[in-house]
Amino acid sequence: MENSNYRICYNSLTDYNQGRLVFKWFNLEGTTLEEHQEELSNWLEELTSSSRDGQLREEWEIADYENIPRNIIDNYGLEAFFQWQEYVNLIGKEATNAAVELDVLTYDYRKHKEFNLTPEELQNIYVGSFDSWNVAEEVALFDADNSALLDEIPSHLQRYFDFKEYGEDLLIDTYDQHEGHVFLRI
């Protein structure tokens, strides 16, 4: 699997507002949202107890992050990130990012605070990863292999079939693709 060392850095807003930059990096690998929230809360409590100004540290801001898609953290926050990890574990980081880029996988942050598809539903419509320079032809070959497309055509005539053109039509009507990652259009 791809490098998945997910990290996030927080600033204490109380200290920031007093002109001090107090921050901490957290490793998100292998943690749940609840465990991470507890780690963050413990860090803020440590800051509060070790400060001499007597002010409570309970507010924070995300200062930086590594290996987390910008559109997930910036637009939706940590809850979405922890859900996003489930998709990554199933189909991989690049494929999940492609699904987000294509709006195949979207996050409803206003009502339900969840993605539009379950990880299993996304896996079911993920066709696979193809050579991005030749994706149309490869998708057509894949589609032909998984259907009865050429079964009625004599084998000596099948070589005249234009897979590239057929694939380009498939990418207009049937599939969505981003950087070689192909999804069945729903």
# chains A, B, ... in the order shown; residues from 1 in each chain; ligands from 1
>>> residues_around(residues="A:Val104", least_positions_apart="5", cutoff="10 Å", atoms="only C-alpha atoms", output="list in words")
Thr96, Ala98, Ala99, Phe115, Asn116, Leu117, Leu122, Ile125, Tyr126, Asp176, Gln177, Phe183, Leu184, Arg185 and Ile186 of chain A
>>> closest_atom_pairs(of="stretch 73-141 of chain A", to="stretch 25-44 of chain A", cutoff="10 Å", atoms="only C-alpha atoms", output="CSV")
residue,atom,partner,partner_atom,distance
A:Leu78,CA,A:Leu33,CA,7.5
A:Glu79,CA,A:Leu33,CA,6.7
A:Ala80,CA,A:Leu33,CA,9.7
A:Phe81,CA,A:Leu33,CA,8.9
A:Phe82,CA,A:Leu33,CA,6.2
A:Gln83,CA,A:Leu33,CA,9.0
A:Gln85,CA,A:Glu29,CA,9.5
>>> write_last_selection(atoms="C-alpha atoms", output="PDB file, in the first residue's frame")
ATOM      1  CA  LEU A  78     -11.136  15.414  10.768  1.00  0.00           C
ATOM      2  CA  GLU A  79     -14.341  13.413  10.930  1.00  0.00           C
ATOM      3  CA  ALA A  80     -14.292  13.101   7.147  1.00  0.00           C
ATOM      4  CA  PHE A  81     -10.615  12.125   7.208  1.00  0.00           C
ATOM      5  CA  PHE A  82     -11.218   9.176   9.514  1.00  0.00           C
ATOM      6  CA  GLN A  83     -14.092   7.994   7.303  1.00  0.00           C
ATOM      7  CA  GLN A  85      -9.317   6.151   5.647  1.00  0.00           C
TER       8      GLN A  85
END
>>> closest_residue(among="A:Ser50, A:Leu90, A:Ile62, A:Thr14", to="A:Asn124", atoms="only C-alpha atoms")
A:Leu90
>>> closest_residue(among="A:Ser12, A:Asn17, A:Ser129, A:Thr48", to="A:Glu61", atoms="only C-alpha atoms")
A:Ser12
